[in-house]
$ cat data.cif   # mmCIF, C-alpha atoms
data_protein
loop_
_atom_site.group_PDB
_atom_site.id
_atom_site.type_symbol
_atom_site.label_atom_id
_atom_site.label_comp_id
_atom_site.auth_asym_id
_atom_site.auth_seq_id
_atom_site.Cartn_x
_atom_site.Cartn_y
_atom_site.Cartn_z
ATOM 1 C CA MET A 1 67.855 23.479 -60.254
ATOM 2 C CA TYR A 2 70.983 25.102 -61.538
ATOM 3 C CA ILE A 3 74.725 24.518 -61.853
ATOM 4 C CA ALA A 4 76.942 26.538 -59.555
ATOM 5 C CA ARG A 5 80.610 27.162 -60.289
ATOM 6 C CA ILE A 6 82.621 27.183 -57.087
ATOM 7 C CA PRO A 7 86.148 28.582 -57.485
ATOM 8 C CA ASN A 8 89.101 26.990 -55.709
ATOM 9 C CA ARG A 9 92.334 28.847 -55.095
ATOM 10 C CA SER A 10 94.810 26.116 -55.920
ATOM 11 C CA SER A 11 92.537 23.626 -57.770
ATOM 12 C CA PRO A 12 90.159 23.705 -60.736
ATOM 13 C CA PRO A 13 86.717 25.060 -59.929
ATOM 14 C CA ALA A 14 84.007 22.723 -58.735
ATOM 15 C CA PHE A 15 80.655 22.411 -60.497
ATOM 16 C CA LEU A 16 77.748 21.536 -58.256
ATOM 17 C CA LEU A 17 74.158 20.743 -59.123
ATOM 18 C CA ARG A 18 72.041 22.718 -56.688
ATOM 19 C CA GLU A 19 68.432 23.610 -56.048
ATOM 20 C CA SER A 20 66.714 26.315 -54.057
ATOM 21 C CA TYR A 21 63.892 25.660 -51.600
ATOM 22 C CA ARG A 22 61.984 27.491 -48.856
ATOM 23 C CA GLU A 23 62.075 26.555 -45.233
ATOM 24 C CA ASP A 24 60.333 28.608 -42.543
ATOM 25 C CA GLY A 25 59.830 31.385 -45.061
ATOM 26 C CA LYS A 26 63.508 31.532 -45.935
ATOM 27 C CA VAL A 27 65.174 30.619 -49.243
ATOM 28 C CA LYS A 28 67.855 28.003 -48.786
ATOM 29 C CA THR A 29 70.151 26.072 -51.134
ATOM 30 C CA ARG A 30 71.224 22.453 -51.108
ATOM 31 C CA THR A 31 73.680 20.529 -53.239
ATOM 32 C CA LEU A 32 72.316 17.537 -55.150
ATOM 33 C CA ALA A 33 75.422 16.322 -56.967
ATOM 34 C CA ASN A 34 79.024 17.137 -57.712
ATOM 35 C CA LEU A 35 79.415 17.470 -61.477
ATOM 36 C CA SER A 36 83.078 18.441 -61.497
ATOM 37 C CA LYS A 37 84.183 15.265 -63.296
ATOM 38 C CA LEU A 38 81.820 15.764 -66.229
ATOM 39 C CA PRO A 39 83.312 17.034 -69.538
ATOM 40 C CA HIS A 40 82.811 20.724 -70.227
ATOM 41 C CA GLU A 41 80.564 19.872 -73.225
ATOM 42 C CA ALA A 42 78.235 17.861 -70.973
ATOM 43 C CA LEU A 43 78.169 20.610 -68.378
ATOM 44 C CA SER A 44 77.307 23.176 -71.030
ATOM 45 C CA LEU A 45 74.424 21.062 -72.398
ATOM 46 C CA LEU A 46 73.091 20.342 -68.924
ATOM 47 C CA LYS A 47 73.219 24.034 -68.023
ATOM 48 C CA ARG A 48 71.296 24.970 -71.152
ATOM 49 C CA PHE A 49 68.743 22.214 -70.450
ATOM 50 C CA LEU A 50 68.168 23.500 -66.917
ATOM 51 C CA GLN A 51 67.598 26.956 -68.393
ATOM 52 C CA GLY A 52 64.691 25.579 -70.429
ATOM 53 C CA GLU A 53 66.305 24.704 -73.747
ATOM 54 C CA HIS A 54 65.097 21.437 -75.309
ATOM 55 C CA PHE A 55 67.274 18.995 -77.248
ATOM 56 C CA VAL A 56 66.419 16.232 -79.720
ATOM 57 C CA SER A 57 68.618 13.643 -81.376
ATOM 58 C CA ALA A 58 69.640 14.037 -85.010
ATOM 59 C CA GLU A 59 67.886 10.746 -85.850
ATOM 60 C CA THR A 60 64.504 12.125 -84.743
ATOM 61 C CA ALA A 61 64.974 15.751 -85.804
ATOM 62 C CA PHE A 62 66.007 15.140 -89.413
ATOM 63 C CA GLU A 63 64.628 13.036 -92.212
ATOM 64 C CA SER A 64 67.176 11.315 -94.406
ATOM 65 C CA VAL A 65 66.357 12.037 -98.064
ATOM 66 C CA ARG A 66 68.153 10.033 -100.719
ATOM 67 C CA SER A 67 69.481 11.823 -103.788
ATOM 68 C CA TRP A 68 69.473 9.944 -107.090
ATOM 69 C CA HIS A 69 71.571 10.826 -110.137
ATOM 70 C CA HIS A 70 69.221 12.245 -112.742
ATOM 71 C CA GLY A 71 70.479 14.630 -115.459
ATOM 72 C CA HIS A 72 72.353 12.223 -117.726
ATOM 73 C CA VAL A 73 69.599 9.611 -117.367
ATOM 74 C CA GLN A 74 66.907 12.116 -118.342
ATOM 75 C CA ALA A 75 68.924 13.170 -121.404
ATOM 76 C CA VAL A 76 69.167 9.585 -122.697
ATOM 77 C CA ILE A 77 65.481 8.853 -122.015
ATOM 78 C CA ASP A 78 64.457 12.062 -123.818
ATOM 79 C CA ALA A 79 66.579 11.079 -126.827
ATOM 80 C CA MET A 80 64.957 7.631 -126.886
ATOM 81 C CA ARG A 81 61.494 9.155 -126.864
ATOM 82 C CA LYS A 82 62.318 11.632 -129.625
ATOM 83 C CA LEU A 83 63.590 8.738 -131.755
ATOM 84 C CA ARG A 84 60.482 6.704 -130.799
ATOM 85 C CA PHE A 85 62.849 3.955 -129.764
ATOM 86 C CA ASP A 86 60.391 2.588 -127.216
ATOM 87 C CA ARG A 87 57.718 2.023 -129.877
ATOM 88 C CA LEU A 88 60.336 0.435 -132.084
ATOM 89 C CA VAL A 89 60.984 -2.211 -129.437
ATOM 90 C CA ASN A 90 57.304 -2.731 -128.680
ATOM 91 C CA SER A 91 54.226 -0.665 -129.445
ATOM 92 C CA HIS A 92 52.820 -1.075 -125.937
ATOM 93 C CA ALA A 93 54.487 -0.566 -122.582
ATOM 94 C CA CYS A 94 55.255 -3.741 -120.652
ATOM 95 C CA PRO A 95 57.815 -4.779 -118.024
ATOM 96 C CA GLN A 96 60.020 -6.508 -120.603
ATOM 97 C CA ARG A 97 60.135 -3.445 -122.854
ATOM 98 C CA GLU A 98 60.992 -1.140 -119.952
ATOM 99 C CA ARG A 99 63.833 -3.447 -118.905
ATOM 100 C CA VAL A 100 65.192 -3.411 -122.442
ATOM 101 C CA LEU A 101 65.076 0.396 -122.527
ATOM 102 C CA ALA A 102 66.804 0.522 -119.158
ATOM 103 C CA MET A 103 69.549 -1.817 -120.368
ATOM 104 C CA VAL A 104 70.120 0.312 -123.467
ATOM 105 C CA ALA A 105 70.341 3.470 -121.340
ATOM 106 C CA ALA A 106 72.734 1.748 -118.939
ATOM 107 C CA ARG A 107 74.837 0.547 -121.864
ATOM 108 C CA ILE A 108 75.232 4.147 -123.021
ATOM 109 C CA LEU A 109 75.881 5.670 -119.599
ATOM 110 C CA ALA A 110 77.624 2.951 -117.571
ATOM 111 C CA PRO A 111 78.302 -0.276 -119.472
ATOM 112 C CA GLU A 112 78.670 -3.087 -116.958
ATOM 113 C CA SER A 113 77.572 -6.664 -116.396
ATOM 114 C CA LYS A 114 73.889 -7.392 -115.897
ATOM 115 C CA LEU A 115 74.389 -7.767 -112.134
ATOM 116 C CA ALA A 116 76.303 -4.479 -111.903
ATOM 117 C CA THR A 117 73.689 -2.779 -114.108
ATOM 118 C CA THR A 118 70.833 -3.524 -111.710
ATOM 119 C CA ARG A 119 72.928 -2.177 -108.848
ATOM 120 C CA TRP A 120 73.905 0.941 -110.806
ATOM 121 C CA TRP A 121 70.451 2.041 -111.856
ATOM 122 C CA GLU A 122 69.256 1.912 -108.243
ATOM 123 C CA THR A 123 71.492 4.981 -107.705
ATOM 124 C CA THR A 124 69.703 6.880 -110.501
ATOM 125 C CA THR A 125 66.175 7.960 -111.406
ATOM 126 C CA LEU A 126 66.047 5.385 -114.203
ATOM 127 C CA PRO A 127 63.634 3.026 -112.366
ATOM 128 C CA GLN A 128 61.242 5.922 -111.686
ATOM 129 C CA LEU A 129 61.397 7.299 -115.227
ATOM 130 C CA LEU A 130 60.626 3.900 -116.766
ATOM 131 C CA ALA A 131 58.299 2.677 -113.999
ATOM 132 C CA LEU A 132 60.528 -0.343 -113.440
ATOM 133 C CA ASP A 133 59.677 -2.891 -110.823
ATOM 134 C CA GLN A 134 62.323 -4.621 -108.738
ATOM 135 C CA SER A 135 64.550 -6.487 -111.209
ATOM 136 C CA ASP A 136 67.645 -8.651 -110.888
ATOM 137 C CA GLU A 137 70.088 -10.009 -113.457
ATOM 138 C CA ASP A 138 67.828 -12.996 -114.212
ATOM 139 C CA ASP A 139 65.024 -10.620 -115.188
ATOM 140 C CA LEU A 140 67.396 -8.833 -117.581
ATOM 141 C CA TYR A 141 68.442 -12.073 -119.237
ATOM 142 C CA ALA A 142 64.757 -12.981 -119.618
ATOM 143 C CA ALA A 143 64.140 -9.568 -121.214
ATOM 144 C CA MET A 144 66.966 -10.249 -123.682
ATOM 145 C CA ASP A 145 65.325 -13.564 -124.639
ATOM 146 C CA TRP A 146 62.048 -11.685 -125.148
ATOM 147 C CA LEU A 147 63.871 -9.120 -127.307
ATOM 148 C CA LEU A 148 65.456 -11.847 -129.444
ATOM 149 C CA GLN A 149 62.001 -13.214 -130.265
ATOM 150 C CA ARG A 150 61.021 -9.765 -131.529
ATOM 151 C CA GLN A 151 64.093 -9.244 -133.704
ATOM 152 C CA ALA A 152 62.285 -9.796 -137.003
ATOM 153 C CA GLN A 153 59.495 -7.355 -136.084
ATOM 154 C CA ILE A 154 62.011 -4.712 -135.006
ATOM 155 C CA GLU A 155 63.944 -5.092 -138.261
ATOM 156 C CA GLN A 156 60.732 -4.678 -140.246
ATOM 157 C CA ARG A 157 59.821 -1.523 -138.308
ATOM 158 C CA LEU A 158 63.302 -0.104 -138.868
ATOM 159 C CA ALA A 159 63.102 -0.824 -142.589
ATOM 160 C CA LYS A 160 59.637 0.732 -142.837
ATOM 161 C CA ARG A 161 60.787 3.824 -140.982
ATOM 162 C CA HIS A 162 64.087 4.446 -142.780
ATOM 163 C CA LEU A 163 64.227 2.497 -146.056
ATOM 164 C CA SER A 164 62.397 2.470 -149.350
ATOM 165 C CA ASP A 165 60.990 -0.729 -150.824
ATOM 166 C CA ASP A 166 63.599 -3.414 -151.656
ATOM 167 C CA ALA A 167 66.460 -1.288 -150.275
ATOM 168 C CA LEU A 168 69.638 -3.045 -149.197
ATOM 169 C CA VAL A 169 71.477 -2.118 -145.985
ATOM 170 C CA LEU A 170 75.267 -2.365 -145.805
ATOM 171 C CA TYR A 171 77.232 -2.460 -142.557
ATOM 172 C CA ASP A 172 80.948 -2.603 -141.907
ATOM 173 C CA LEU A 173 83.025 -2.536 -138.729
ATOM 174 C CA SER A 174 86.508 -1.098 -138.552
ATOM 175 C CA SER A 175 89.006 0.149 -135.981
ATOM 176 C CA SER A 176 91.819 2.651 -135.575
ATOM 177 C CA ASP A 177 94.761 2.605 -133.187
ATOM 178 C CA PHE A 178 96.073 5.626 -131.297
ATOM 179 C CA GLU A 179 99.601 6.642 -130.410
ATOM 180 C CA GLY A 180 98.476 8.830 -127.497
ATOM 181 C CA SER A 181 96.897 7.740 -124.228
ATOM 182 C CA HIS A 182 94.166 10.294 -123.474
ATOM 183 C CA CYS A 183 91.348 9.466 -125.919
ATOM 184 C CA PRO A 184 88.207 8.773 -123.806
ATOM 185 C CA LEU A 185 86.751 6.544 -126.541
ATOM 186 C CA ALA A 186 89.821 4.355 -126.945
ATOM 187 C CA ALA A 187 90.698 1.311 -124.879
ATOM 188 C CA LEU A 188 93.022 -1.671 -124.948
ATOM 189 C CA GLY A 189 91.467 -4.819 -126.368
ATOM 190 C CA HIS A 190 91.410 -7.027 -129.439
ATOM 191 C CA ASN A 191 93.193 -5.158 -132.205
ATOM 192 C CA ARG A 192 91.897 -5.931 -135.676
ATOM 193 C CA ASP A 193 95.108 -4.585 -137.243
ATOM 194 C CA GLY A 194 97.408 -6.815 -135.225
ATOM 195 C CA LYS A 195 99.132 -3.936 -133.405
ATOM 196 C CA LYS A 196 99.331 -5.060 -129.812
ATOM 197 C CA GLY A 197 99.587 -2.768 -126.818
ATOM 198 C CA LYS A 198 97.997 0.302 -128.440
ATOM 199 C CA LEU A 199 94.783 2.095 -127.630
ATOM 200 C CA GLN A 200 92.095 1.671 -130.235
ATOM 201 C CA VAL A 201 88.527 2.594 -130.994
ATOM 202 C CA ASN A 202 86.039 0.501 -132.963
ATOM 203 C CA TYR A 203 83.430 2.113 -135.169
ATOM 204 C CA GLY A 204 80.810 0.946 -137.632
ATOM 205 C CA LEU A 205 79.253 2.394 -140.766
ATOM 206 C CA LEU A 206 75.647 1.659 -141.694
ATOM 207 C CA GLU A 207 74.182 2.840 -144.970
ATOM 208 C CA SER A 208 71.526 1.869 -147.474
ATOM 209 C CA THR A 209 72.042 1.290 -151.178
ATOM 210 C CA GLU A 210 69.631 4.186 -151.800
ATOM 211 C CA PHE A 211 71.962 6.546 -149.925
ATOM 212 C CA SER A 212 74.979 5.225 -151.822
ATOM 213 C CA SER A 213 73.222 5.716 -155.172
ATOM 214 C CA ASN A 214 72.240 9.288 -154.285
ATOM 215 C CA LEU A 215 75.787 10.062 -153.160
ATOM 216 C CA ALA A 216 77.232 8.673 -156.373
ATOM 217 C CA ALA A 217 74.762 10.750 -158.428
ATOM 218 C CA ILE A 218 75.773 13.934 -156.583
ATOM 219 C CA CYS A 219 79.457 13.193 -157.163
ATOM 220 C CA SER A 220 78.907 12.564 -160.882
ATOM 221 C CA LEU A 221 77.194 15.963 -161.238
ATOM 222 C CA LYS A 222 80.100 17.789 -159.590
ATOM 223 C CA GLN A 223 82.971 16.006 -161.322
ATOM 224 C CA PRO A 224 83.605 15.096 -164.961
ATOM 225 C CA HIS A 225 84.767 11.650 -163.927
ATOM 226 C CA PRO A 226 82.989 9.069 -161.759
ATOM 227 C CA CYS A 227 83.536 9.332 -158.029
ATOM 228 C CA LYS A 228 86.176 7.084 -156.577
#
$ encode --input "data.cif" --output "structure tokens"
Amino acid sequence: MYIARIPNRSSPPAFLLRESYREDGKVKTRTLANLSKLPHEALSLLKRFLQGEHFVSAETAFESVRSWHHGHVQAVIDAMRKLRFDRLVNSHACPQRERVLAMVAARILAPESKLATTRWWETTTLPQLLALDQSDEDDLYAAMDWLLQRQAQIEQRLAKRHLSDDALVLYDLSSSDFEGSHCPLAALGHNRDGKKGKLQVNYGLLESTEFSSNLAAICSLKQPHPCK
């Protein structure tokens, strides 16, 4: 079979589906269908098919491969492992610990509600990196309850890792307002200084009494008068 283009003087050409056959030793042709009303794209595909070319649909020819966001997630997980943060939360891997680590990573990269967090990390490699099972917001709240029960142990591990015996830790929170509007760390919210309508950033300072004593000793060596 083949498609024949039959020119017309005063009309568009006709496209006929024809086939050749033998009768009494002679080659003859007969018309099977008039394809003139088909779109040119369909005629072109049909002509190529009759010439032996094979076609497949995109759904069967290609495999859809999902791409997850990875680089920023890997950077945060690597930092956690270098700081041994996972062992600080719990010495052994367990689903609750992995959910806590995932929540901390999400808080750094894309702080959202617990429901939005579970939806966000499904677009990243975070579940694969932490071997997370399927979790919803209720699982995250349960992990937070588990973490609260371990607060005293975590504080003891932090003190053992970073503080000398009987050291005292001091912490203070402060804020600063901004006149501009392009600081990526600043946002509108509760202003501790009472200046409404201005961008601000909150920051905290954590130090031990041992660090403060060492700093004061260094200052006293460099200056004739005590440090202020």
$ resolve_selection --input "data.cif" --expression "the PyMOL selection byres ((chain A and resi 46-57) around 12)" --output "ChimeraX atom specification"
/A:1-5,15-19,35,38-45,58-63
$ resolve_selection --input "data.cif" --expression "the PyMOL selection byres ((chain A and resi 89) around 10)" --output "ChimeraX atom specification"
/A:84-88,90-93,96-98,100-101,147,150-151,153-155,157-158
$ residues_around --input "data.cif" --residues "Asn202 (chain A)" --least-positions-apart "4" --cutoff "7 Å" --atoms "only C-alpha atoms" --output "VMD selection string"
chain A and resid 174 to 176
$ atom_distance --input "data.cif" --atom1 "CA of Met80 (chain A)" --atom2 "CA of Asp165 (chain A)"
25.7 Å
$ resolve_selection --input "data.cif" --expression "the PyMOL selection byres ((chain A and resi 114) around 12)" --output "list in words"
Arg99, Val100, Ala102, Met103, Val104, Ala106, Arg107, Ala110, Pro111, Glu112, Ser113, Leu115, Ala116, Thr117, Thr118, Arg119, Trp120, Trp121, Ser135, Asp136, Glu137, Asp138, Asp139, Leu140, Tyr141, Ala142, Ala143 and Met144 of chain A
$ atom_distance --input "data.cif" --atom1 "CA of Leu168 (chain A)" --atom2 "CA of Gln156 (chain A)"
12.7 Å
$ atom_distance --input "data.cif" --atom1 "CA of Ala79 (chain A)" --atom2 "CA of Ala105 (chain A)"
10.1 Å
$ axis_aligned_box --input "data.cif" --around "region 64-79 of chain A" --padding-each-side "5 Å" --output "AutoDock Vina command-line options"
--center_x 68.4 --center_y 11.7 --center_z -110.6 --size_x 17.9 --size_y 15.8 --size_z 42.4
$ closest_residue --input "data.cif" --among "A:Arg66, A:Ser164, A:Ala14, A:Lys195" --to "Thr31 (chain A)" --atoms "all atoms listed in the file"
A:Ala14
$ residues_around --input "data.cif" --residues "Leu126 (chain A)" --least-positions-apart "3" --cutoff "9 Å" --atoms "all atoms listed in the file" --output "PyMOL selection string"
chain A and resi 69-70+73-74+77+102+105-106+121-123+129-132
$ closest_residue --input "data.cif" --among "A:Asp166, A:Val27, A:Gln128, A:Ser10" --to "Trp68 (chain A)" --atoms "only C-alpha atoms"
A:Gln128
